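**Student:** Quick one: the structure is below, and I'll ask about it shortly.
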Protein chains: 2
Amino acid sequence: MSRKRPTIRDVAREAGVSYATVSRVLNGRDWVSPEAVRAVQDAIARTGYTTNQHARSLATGRSGSIAFLLTEPQHLLFEDPNFSVLLRGVAQALSDREQTLILMIASTPEERLRTIAFLNGGHVDGVLLVSPHSGDPLLTQLVQAQVPIVACGRVLGLEEMISSVSADDRAGARTATEHLIAAGCRRIATITGPLDTSGGVDRLAGYTDALMAHGLPIDHDLIVHGDWTRQSGAAGIRALLDRAPDVDAVFAASDAMAAATLPVLRDAGRGVPADVRVVGFDDSGLAATTEPPLSTVRQPLERISEEMVRLLVDVINGRTPLSITVPTGLVLRSSSPA
Amino acid sequence: MSRKRPTIRDVAREAGVSYATVSRVLNGRDWVSPEAVRAVQDAIARTGYTTNQHARSLATGRSGSIAFLLTEPQHLLFEDPNFSVLLRGVAQALSDREQTLILMIASTPEERLRTIAFLNGGHVDGVLLVSPHSGDPLLTQLVQAQVPIVACGRVLGLEEMISSVSADDRAGARTATEHLIAAGCRRIATITGPLDTSGGVDRLAGYTDALMAHGLPIDHDLIVHGDWTRQSGAAGIRALLDRAPDVDAVFAASDAMAAATLPVLRDAGRGVPADVRVVGFDDSGLAATTEPPLSTVRQPLERISEEMVRLLVDVINGRTPLSITVPTGLVLRSSSPA
DNA sequence: CTGAAAGCGCTTACAG
DNA sequence: CTGAAAGCGCTTACAG
């Protein structure tokens with residue numbers, strides 16, 4: 001297409017130095033005389049030189065790119081606004097480091113196969129994993145292939161092998177539940193996330209923590225399991241109304257599930273928050289736009305994506321895996337005001 | 001990290017042929033004897049060989065990757081569910097062609113600069129453009145750099161230079177408006193999209209087409225401009241209720257804007273669809289979950305993403321730019337039933 | 001501080 | 001049909 005792009009040799013000629021020197025100022029490692037540096041920089045500007053990443057990668061063995069890997073079935077991924085925010089943050093952080101972001105979606109078996117081959121093939125320096133489910137064979141394969149990985153949320157059972165950055169799910173859930181207790185609720189239900197994710201188990205643990213700390217019983221009729229989606233939230237609240245008609249609050253482990261309880265409660269003639277208080281988790285864009293707006297637990301996704309990238313760079317550089325937890329905060333809106 | 005991966009030479013040794021032959025069977029271009037092919041394939045399987053894309057790119061001058069470029073300010077991009085569906089479809093289509101998808105976000109001035117440099121640097125074979133606004137200098141720069149591009153939606157003023165795939169916005173809008181006319185509405189308003197996008201102007205044109213075809217006047221009090229977002233939808237309907245209290249229908253150029261009219265209409269005491277019918281555009285996930293669910297114009301995003309990739313491959317191979325339009329369809333729900 | 005040179009792993013005319 | 005060889009554009013010891 002476009003005519004030949006200038007190479008390092010063109011720059012060298014223009015600057016009157018050897019092309020090894022050009023490479024040196026490009027990489028800024030070895031010592032180069034100030035005059036040479038200036039001459040090269042000028043030459044780069046004049047020629048419009050831009051480094052050929054493929055040649056560099058071939059020489060260094062580093063690809064200069066990172067994969068953002070999605071393993072959930074698509075509908076979950078793209079329904080979840082958290083995902084977008086995370087992606088945005090990661091793109092930003094990577095761009096700042098001059099790394100490119102490769103998006104990979106591995107939902108179908110075929111895609112999963114291709115993904116493994118690709119990642120295994122050294123095409124990327126590392127991978128960022130979103131919403132990993134423990135027991136996913138893909139994860140073990142990645143670990144075996146010694147691909148540097150950082151997950152969003154701990155990978156249950158592989159914590160030692162896979163670095164991760166998580167919100168403080170347990171503390172967040174506990175705070176939310178204690179808020180409901182403080183508001184006088186005594187029949188507090190929860191709709192959990194999938195229990196093969198750290199978010200799922202930790203948010204449930206935070207809920208029971210709060211109950212126990214306040215001497216309230218753990219009633220299994222008040223615990224239903226969802227998978228983060230609206231559908232599961234709607235199904236969950238229906239089951240709850242059925243099993244425990246005296247429910248006076250529900251803590252849903254995601255905003256999507258919490259939002260889905262609202263129309264069901266309305267149709268059942270239960271006022272929110274008058275009859276049933278509702279608290280979600282995520283503080284996604286959704287939370288502020290529901291009717292009534294949702295109280296929820298905010299997780300600092302910008303911070304999470306930033307830390308994920310930073311950590312991944314460390315892991316790529318050979319540092320040992322690490323788990324990072326970032327704090328969450330309660331956001332009160334009309335669905336369960338102060 | 002991982003120990004040395006097998007190269008083409010390892011495969012050659014294992015297969016007992018020269019490595020040039022291995023390369024030939026890999027690329028499947030030149031004639032190779034069946035025995036050699038089999039020997040090489042076996043050797044590939046045994047060694048677990050996987051091609052080094054960087055080496056290949058360096059030799060061929062093709063990067064094997066495509067950029068998915070987002071130029072909107074982030075909030076727009078990630079609020080819009082269409083974007084996700086498009087991204088998903090593109091990822092799929094690209095994966096089928098063994099191309100990698102590089103996600104680039106160019107919203108801040110700094111990011112835009114880096115983006116231009118990157119794209120200009122031949123790091124990708126082509127770029128897929130989402131929601132381009134005409135007059136964006138980035139577009140002209142890309143065209144000048146002769147980067148192969150396919151846009152989603154025509155790029156107004158650059159139609160000849162930039163291939164595009166669009167929904168049939170005009171026909172869709174016309175159909176929606178005619179449906180409202182057929183339902184007996186006579187004071188039909190519209191909330192437009194941005195008029196520097198083909199979606200914005202074409203949907204407005206479809207609206208006026210329908211009005212004129214049925215002898216209804218074009219009343220500027222009934223036309224307000226939005227930018228696809230909920231906020232602009234809410235502001236739009238408020239302005240309409242103010243300027244034209246007798247409005248009996250609104251056609252919004254996006255589901256997000258249509259959805260945002262609902263609570264405002266409710267608060268204003270207008271029943272939907274009894275007093276005011278509402279029709280959106282996109283048939284995004286949103287449309288089915290609003291209260292009441294939205295009638296809308298469906299655009300086949302899966303098809304659009306597929307065509308975008310196919311077209312881009314053509315353009316990369318030197319074919320001349322082309323514009324493709326795919327049909328839309330009216331989807332009726334409670335906000336404006338049949 | 002800076003050349004000359006080898007090498008990264010492939011592709012592709014060039015000769016057979 | 002298949003070798004041997006050059007070349008893609010860089011980085012990085014190796015010698016000065």
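Quick note on naming: the chains in the structure tokens go A, B, ... in the order shown, residues restart at 1 in each chain, and ligands are numbered from 1 in order of appearance.
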Per residue of chain C within 8 Å of chain A, which atom pair is closest and at what distance in Å (one decimal), using only C-alpha atoms (C1' of nucleotides), listed by chain and increasing number, as CSV?
**Tutor:**
residue,atom,partner,partner_atom,distance
C:DC1,C1',A:Val32,CA,5.9
C:DT2,C1',A:Thr21,CA,6.9
C:DG3,C1',A:Ser18,CA,6.8
C:DG7,C1',A:Ala59,CA,7.9
C:DC8,C1',A:Ala59,CA,4.5
C:DG9,C1',A:Leu58,CA,7.3
**Student:** Export N, CA and C atoms (P, O5', C5', C4', C3', O3' and C1' of nucleotides) of the chosen residues as a short mmCIF file (atom, residue, chain, number, x, y, z; two decimals), in the first residue's frame?
**Tutor:**
data_model
loop_
_atom_site.label_atom_id
_atom_site.label_comp_id
_atom_site.auth_asym_id
_atom_site.auth_seq_id
_atom_site.Cartn_x
_atom_site.Cartn_y
_atom_site.Cartn_z
P DC C 1 29.82 8.33 27.60
"O5'" DC C 1 29.99 7.79 26.12
"C5'" DC C 1 29.70 8.58 25.01
"C4'" DC C 1 30.42 7.98 23.84
"C3'" DC C 1 29.48 7.46 22.75
"O3'" DC C 1 29.82 8.11 21.53
"C1'" DC C 1 31.15 5.86 23.31
P DT C 2 28.95 8.01 20.30
"O5'" DT C 2 29.57 6.74 19.59
"C5'" DT C 2 30.78 6.88 18.87
"C4'" DT C 2 31.05 5.60 18.13
"C3'" DT C 2 29.88 5.12 17.26
"O3'" DT C 2 30.43 4.78 16.00
"C1'" DT C 2 30.65 3.37 18.60
P DG C 3 29.66 5.24 14.71
"O5'" DG C 3 30.38 4.34 13.64
"C5'" DG C 3 30.14 3.01 13.74
"C4'" DG C 3 31.33 2.23 13.30
"C3'" DG C 3 30.88 1.20 12.30
"O3'" DG C 3 31.91 0.85 11.41
"C1'" DG C 3 31.34 0.18 14.42
P DG C 7 25.60 -16.43 14.04
"O5'" DG C 7 24.17 -15.95 14.50
"C5'" DG C 7 24.01 -15.35 15.79
"C4'" DG C 7 22.57 -14.93 15.93
"C3'" DG C 7 21.61 -15.89 15.22
"O3'" DG C 7 20.52 -16.15 16.05
"C1'" DG C 7 21.25 -13.69 14.47
P DC C 8 19.56 -17.40 15.78
"O5'" DC C 8 18.15 -16.82 16.19
"C5'" DC C 8 17.97 -15.92 17.27
"C4'" DC C 8 16.72 -15.12 17.00
"C3'" DC C 8 15.73 -15.85 16.11
"O3'" DC C 8 14.79 -16.54 16.93
"C1'" DC C 8 15.99 -13.55 15.45
P DG C 9 14.56 -18.14 16.69
"O5'" DG C 9 13.51 -18.16 15.51
"C5'" DG C 9 12.30 -17.45 15.66
"C4'" DG C 9 11.62 -17.36 14.32
"C3'" DG C 9 11.50 -18.69 13.60
"O3'" DG C 9 10.13 -18.87 13.29
"C1'" DG C 9 12.41 -17.05 12.17
#
**Student:** Pull the closest atom pair for each residue of chain A that gets at most 9 Å from chain B, along with the distance in Å to one decimal, counting only C-alpha atoms, ordering rows by chain and then ascending residue number, as JSON lines.
**Tutor:**
{"residue": "A:Met1", "atom": "CA", "partner": "B:Gln146", "partner_atom": "CA", "distance": 6.8}
{"residue": "A:Ser2", "atom": "CA", "partner": "B:Gln146", "partner_atom": "CA", "distance": 5.9}
{"residue": "A:Arg5", "atom": "CA", "partner": "B:Gly121", "partner_atom": "CA", "distance": 7.9}
{"residue": "A:Tyr49", "atom": "CA", "partner": "B:Gly121", "partner_atom": "CA", "distance": 8.4}
{"residue": "A:Thr50", "atom": "CA", "partner": "B:Gly121", "partner_atom": "CA", "distance": 5.8}
{"residue": "A:Thr51", "atom": "CA", "partner": "B:Gly121", "partner_atom": "CA", "distance": 7.3}
{"residue": "A:Asn52", "atom": "CA", "partner": "B:Gly121", "partner_atom": "CA", "distance": 7.2}
{"residue": "A:Gln53", "atom": "CA", "partner": "B:His123", "partner_atom": "CA", "distance": 7.0}
{"residue": "A:His54", "atom": "CA", "partner": "B:His54", "partner_atom": "CA", "distance": 4.7}
{"residue": "A:Ala55", "atom": "CA", "partner": "B:Leu58", "partner_atom": "CA", "distance": 5.9}
{"residue": "A:Arg56", "atom": "CA", "partner": "B:His54", "partner_atom": "CA", "distance": 8.6}
{"residue": "A:Ser57", "atom": "CA", "partner": "B:His54", "partner_atom": "CA", "distance": 6.4}
{"residue": "A:Leu58", "atom": "CA", "partner": "B:His54", "partner_atom": "CA", "distance": 5.8}
{"residue": "A:Ser63", "atom": "CA", "partner": "B:His54", "partner_atom": "CA", "distance": 7.8}
{"residue": "A:Gln74", "atom": "CA", "partner": "B:Arg88", "partner_atom": "CA", "distance": 7.6}
{"residue": "A:Leu77", "atom": "CA", "partner": "B:Ser84", "partner_atom": "CA", "distance": 9.0}
{"residue": "A:Phe78", "atom": "CA", "partner": "B:Ser84", "partner_atom": "CA", "distance": 5.9}
{"residue": "A:Glu79", "atom": "CA", "partner": "B:Pro81", "partner_atom": "CA", "distance": 7.9}
{"residue": "A:Pro81", "atom": "CA", "partner": "B:Phe78", "partner_atom": "CA", "distance": 7.6}
{"residue": "A:Ser84", "atom": "CA", "partner": "B:Phe78", "partner_atom": "CA", "distance": 5.9}
{"residue": "A:Val85", "atom": "CA", "partner": "B:Phe78", "partner_atom": "CA", "distance": 7.5}
{"residue": "A:Arg88", "atom": "CA", "partner": "B:Gln74", "partner_atom": "CA", "distance": 7.7}
{"residue": "A:Ala91", "atom": "CA", "partner": "B:Ile105", "partner_atom": "CA", "distance": 7.0}
{"residue": "A:Gln92", "atom": "CA", "partner": "B:Ile105", "partner_atom": "CA", "distance": 7.8}
{"residue": "A:Ser95", "atom": "CA", "partner": "B:Glu111", "partner_atom": "CA", "distance": 7.8}
{"residue": "A:Asp96", "atom": "CA", "partner": "B:Glu111", "partner_atom": "CA", "distance": 8.9}
{"residue": "A:Glu98", "atom": "CA", "partner": "B:Arg114", "partner_atom": "CA", "distance": 8.9}
{"residue": "A:Thr100", "atom": "CA", "partner": "B:Ile102", "partner_atom": "CA", "distance": 6.9}
{"residue": "A:Leu101", "atom": "CA", "partner": "B:Ile102", "partner_atom": "CA", "distance": 5.6}
{"residue": "A:Ile102", "atom": "CA", "partner": "B:Ile102", "partner_atom": "CA", "distance": 4.5}
{"residue": "A:Leu103", "atom": "CA", "partner": "B:Leu101", "partner_atom": "CA", "distance": 5.8}
{"residue": "A:Met104", "atom": "CA", "partner": "B:Ala91", "partner_atom": "CA", "distance": 7.1}
{"residue": "A:Ile105", "atom": "CA", "partner": "B:Ala91", "partner_atom": "CA", "distance": 7.0}
{"residue": "A:Glu111", "atom": "CA", "partner": "B:Ser95", "partner_atom": "CA", "distance": 7.7}
{"residue": "A:Arg114", "atom": "CA", "partner": "B:Ser95", "partner_atom": "CA", "distance": 8.2}
{"residue": "A:Ala117", "atom": "CA", "partner": "B:Thr50", "partner_atom": "CA", "distance": 7.8}
{"residue": "A:Phe118", "atom": "CA", "partner": "B:Thr50", "partner_atom": "CA", "distance": 8.4}
{"residue": "A:Asn120", "atom": "CA", "partner": "B:Thr50", "partner_atom": "CA", "distance": 8.6}
{"residue": "A:Gly121", "atom": "CA", "partner": "B:Thr50", "partner_atom": "CA", "distance": 5.8}
{"residue": "A:Gly122", "atom": "CA", "partner": "B:Asn52", "partner_atom": "CA", "distance": 7.8}
{"residue": "A:His123", "atom": "CA", "partner": "B:Gln53", "partner_atom": "CA", "distance": 7.0}
{"residue": "A:Ala145", "atom": "CA", "partner": "B:Ser2", "partner_atom": "CA", "distance": 6.9}
{"residue": "A:Gln146", "atom": "CA", "partner": "B:Ser2", "partner_atom": "CA", "distance": 5.9}
{"residue": "A:Val147", "atom": "CA", "partner": "B:Ser2", "partner_atom": "CA", "distance": 7.5}
{"residue": "A:Pro148", "atom": "CA", "partner": "B:Met1", "partner_atom": "CA", "distance": 8.3}
{"residue": "A:Pro263", "atom": "CA", "partner": "B:Glu291", "partner_atom": "CA", "distance": 8.8}
{"residue": "A:Gly285", "atom": "CA", "partner": "B:Glu79", "partner_atom": "CA", "distance": 8.2}
{"residue": "A:Glu291", "atom": "CA", "partner": "B:Pro263", "partner_atom": "CA", "distance": 8.8}
{"residue": "A:Ile316", "atom": "CA", "partner": "B:Met1", "partner_atom": "CA", "distance": 8.0}
{"residue": "A:Gly318", "atom": "CA", "partner": "B:Met1", "partner_atom": "CA", "distance": 7.8}
**Student:** Can you write just those residues out, N, CA and C atoms, as a CSV table (one decimal), in the first residue's frame?
**Tutor:**
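What follows is the written file result-v3.csv:
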chain,number,residue,atom,x,y,z
A,1,MET,N,0.8,-1.2,0.0
A,1,MET,CA,0.0,0.0,0.0
A,1,MET,C,0.9,1.2,0.0
A,2,SER,N,1.1,1.7,1.2
A,2,SER,CA,1.9,3.0,1.3
A,2,SER,C,3.4,2.7,0.9
A,5,ARG,N,8.5,2.6,4.1
A,5,ARG,CA,8.7,3.4,5.2
A,5,ARG,C,10.2,3.4,5.6
A,49,TYR,N,10.6,8.4,10.8
A,49,TYR,CA,10.9,7.0,11.2
A,49,TYR,C,10.0,6.5,12.3
A,50,THR,N,9.5,5.3,12.1
A,50,THR,CA,8.7,4.7,13.2
A,50,THR,C,9.2,3.2,13.2
A,51,THR,N,9.4,2.7,14.4
A,51,THR,CA,10.0,1.4,14.5
A,51,THR,C,9.1,0.3,14.0
A,52,ASN,N,9.7,-0.7,13.4
A,52,ASN,CA,8.9,-1.8,12.9
A,52,ASN,C,8.9,-2.8,14.0
A,53,GLN,N,7.7,-2.9,14.6
A,53,GLN,CA,7.6,-3.8,15.8
A,53,GLN,C,7.9,-5.2,15.5
A,54,HIS,N,7.6,-5.7,14.3
A,54,HIS,CA,7.8,-7.1,14.0
A,54,HIS,C,9.3,-7.4,14.0
A,55,ALA,N,10.1,-6.5,13.4
A,55,ALA,CA,11.5,-6.7,13.4
A,55,ALA,C,12.1,-6.7,14.9
A,56,ARG,N,11.6,-5.8,15.6
A,56,ARG,CA,12.0,-5.7,17.0
A,56,ARG,C,11.7,-6.9,17.8
A,57,SER,N,10.4,-7.4,17.6
A,57,SER,CA,10.0,-8.5,18.3
A,57,SER,C,10.8,-9.7,17.9
A,58,LEU,N,11.1,-9.8,16.7
A,58,LEU,CA,11.9,-11.0,16.2
A,58,LEU,C,13.3,-11.0,16.9
A,63,SER,N,6.8,-9.6,22.2
A,63,SER,CA,5.9,-9.2,21.2
A,63,SER,C,5.4,-7.8,21.3
A,74,GLN,N,-20.6,-15.0,25.4
A,74,GLN,CA,-20.7,-13.6,25.0
A,74,GLN,C,-21.8,-12.7,25.7
A,77,LEU,N,-20.7,-11.3,28.9
A,77,LEU,CA,-19.6,-10.3,28.8
A,77,LEU,C,-20.1,-8.9,28.5
A,78,PHE,N,-20.9,-8.9,27.4
A,78,PHE,CA,-21.3,-7.6,26.9
A,78,PHE,C,-22.5,-7.0,27.6
A,79,GLU,N,-23.2,-7.8,28.4
A,79,GLU,CA,-24.3,-7.3,29.1
A,79,GLU,C,-23.7,-6.5,30.3
A,81,PRO,N,-21.7,-4.0,32.2
A,81,PRO,CA,-21.0,-2.7,32.0
A,81,PRO,C,-19.6,-2.7,32.6
A,84,SER,N,-16.8,-3.3,30.1
A,84,SER,CA,-16.4,-2.2,29.3
A,84,SER,C,-15.5,-1.2,30.0
A,85,VAL,N,-15.8,-0.9,31.2
A,85,VAL,CA,-15.0,0.0,32.0
A,85,VAL,C,-13.6,-0.5,32.1
A,88,ARG,N,-11.7,-0.4,28.9
A,88,ARG,CA,-11.3,1.0,28.7
A,88,ARG,C,-10.0,1.3,29.5
A,91,ALA,N,-6.9,-0.5,28.2
A,91,ALA,CA,-6.5,0.1,26.9
A,91,ALA,C,-5.6,1.3,27.2
A,92,GLN,N,-6.1,2.1,28.1
A,92,GLN,CA,-5.4,3.3,28.4
A,92,GLN,C,-4.1,3.0,29.0
A,95,SER,N,-1.7,1.6,26.5
A,95,SER,CA,-1.3,2.6,25.5
A,95,SER,C,-0.2,3.5,26.1
A,96,ASP,N,-0.3,3.8,27.4
A,96,ASP,CA,0.7,4.6,28.1
A,96,ASP,C,2.1,3.9,28.0
A,98,GLU,N,3.0,1.9,25.6
A,98,GLU,CA,3.3,1.5,24.2
A,98,GLU,C,3.2,0.1,23.9
A,100,THR,N,0.4,-2.9,22.7
A,100,THR,CA,-0.8,-3.0,22.1
A,100,THR,C,-1.7,-4.0,22.7
A,101,LEU,N,-3.0,-3.7,22.6
A,101,LEU,CA,-4.0,-4.6,23.3
A,101,LEU,C,-4.7,-5.5,22.3
A,102,ILE,N,-4.5,-6.8,22.4
A,102,ILE,CA,-5.2,-7.7,21.5
A,102,ILE,C,-6.4,-8.3,22.2
A,103,LEU,N,-7.6,-8.1,21.6
A,103,LEU,CA,-8.8,-8.6,22.2
A,103,LEU,C,-9.1,-10.1,21.8
A,104,MET,N,-9.2,-11.0,22.7
A,104,MET,CA,-9.5,-12.3,22.3
A,104,MET,C,-10.8,-12.8,23.0
A,105,ILE,N,-11.7,-13.4,22.3
A,105,ILE,CA,-12.9,-13.9,22.9
A,105,ILE,C,-12.9,-15.4,22.7
A,111,GLU,N,-13.1,-21.6,19.4
A,111,GLU,CA,-12.3,-20.4,19.8
A,111,GLU,C,-11.4,-20.6,20.9
A,114,ARG,N,-8.3,-22.3,19.5
A,114,ARG,CA,-7.4,-21.3,18.8
A,114,ARG,C,-6.7,-20.4,19.7
A,117,ALA,N,-3.7,-22.1,21.3
A,117,ALA,CA,-2.6,-22.2,20.4
A,117,ALA,C,-2.0,-20.8,20.2
A,118,PHE,N,-2.8,-19.8,20.1
A,118,PHE,CA,-2.3,-18.5,19.9
A,118,PHE,C,-1.4,-18.0,21.0
A,120,ASN,N,-0.1,-19.7,23.4
A,120,ASN,CA,1.0,-20.7,23.5
A,120,ASN,C,2.1,-20.3,22.5
A,121,GLY,N,1.7,-19.8,21.4
A,121,GLY,CA,2.6,-19.5,20.3
A,121,GLY,C,3.5,-18.3,20.6
A,122,GLY,N,3.4,-17.7,21.8
A,122,GLY,CA,4.2,-16.6,22.1
A,122,GLY,C,3.9,-15.3,21.3
A,123,HIS,N,2.6,-15.2,20.9
A,123,HIS,CA,2.2,-14.0,20.1
A,123,HIS,C,2.0,-12.8,21.0
A,145,ALA,N,1.5,-23.7,30.2
A,145,ALA,CA,2.3,-23.1,29.1
A,145,ALA,C,3.2,-21.9,29.6
A,146,GLN,N,3.1,-21.7,30.9
A,146,GLN,CA,3.9,-20.6,31.5
A,146,GLN,C,3.6,-19.2,30.9
A,147,VAL,N,2.4,-19.0,30.5
A,147,VAL,CA,2.1,-17.7,30.0
A,147,VAL,C,1.8,-16.8,31.2
A,148,PRO,N,2.5,-15.6,31.2
A,148,PRO,CA,2.2,-14.6,32.3
A,148,PRO,C,0.8,-14.2,32.3
A,263,PRO,N,-38.6,-4.6,38.9
A,263,PRO,CA,-39.9,-4.8,38.3
A,263,PRO,C,-40.7,-6.0,38.9
A,285,GLY,N,-23.1,1.7,35.6
A,285,GLY,CA,-23.9,2.7,35.0
A,285,GLY,C,-25.3,2.5,35.3
A,291,GLU,N,-35.3,2.4,38.4
A,291,GLU,CA,-36.4,3.1,39.1
A,291,GLU,C,-36.9,2.2,40.3
A,316,ILE,N,5.6,-10.5,33.8
A,316,ILE,CA,6.3,-10.7,32.6
A,316,ILE,C,7.8,-10.6,32.8
A,318,GLY,N,9.3,-11.5,35.3
A,318,GLY,CA,9.8,-12.6,36.1
A,318,GLY,C,9.4,-12.5,37.6
**Student:** Among stretch 172-304 of chain A, which ones does DSSP assign to strand (DSSP E) (computed from the backbone)? Answer as an MDAnalysis selection string.
**Tutor:** chainID A and resid 188:192 223:225 249:252 277:279 296:298
**Student:** Leaving out C:DA6 and any residue of its chain fewer than 4 positions from it, which residues lie within 12 Å of it when counting only C-alpha atoms (C1' of nucleotides), given as a list in words?
**Tutor:**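 With the cut-off at 12 Å, the set is Ala59 of chain A; DT11, DT12, DA13 and DC14 of chain D.
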**Student:** Using backbone DSSP assignments, extract all alpha helix (DSSP H) residues from stretch 13-50 of chain B; output them as a PyMOL selection string.
**Tutor:** chain B and resi 13-15+19-27+34-47
**Student:** List the neighbours of stretch 178-188 of chain A out to 10 Å using only C-alpha atoms (C1' of nucleotides); skip same-chain residues closer than 5 positions along the sequence, and give me the result as an MDAnalysis selection string.
**Tutor:** chainID A and resid 172:173 206:207 209:211 213:214 216:219 222:223 244:251 275:279 330 332 336:338
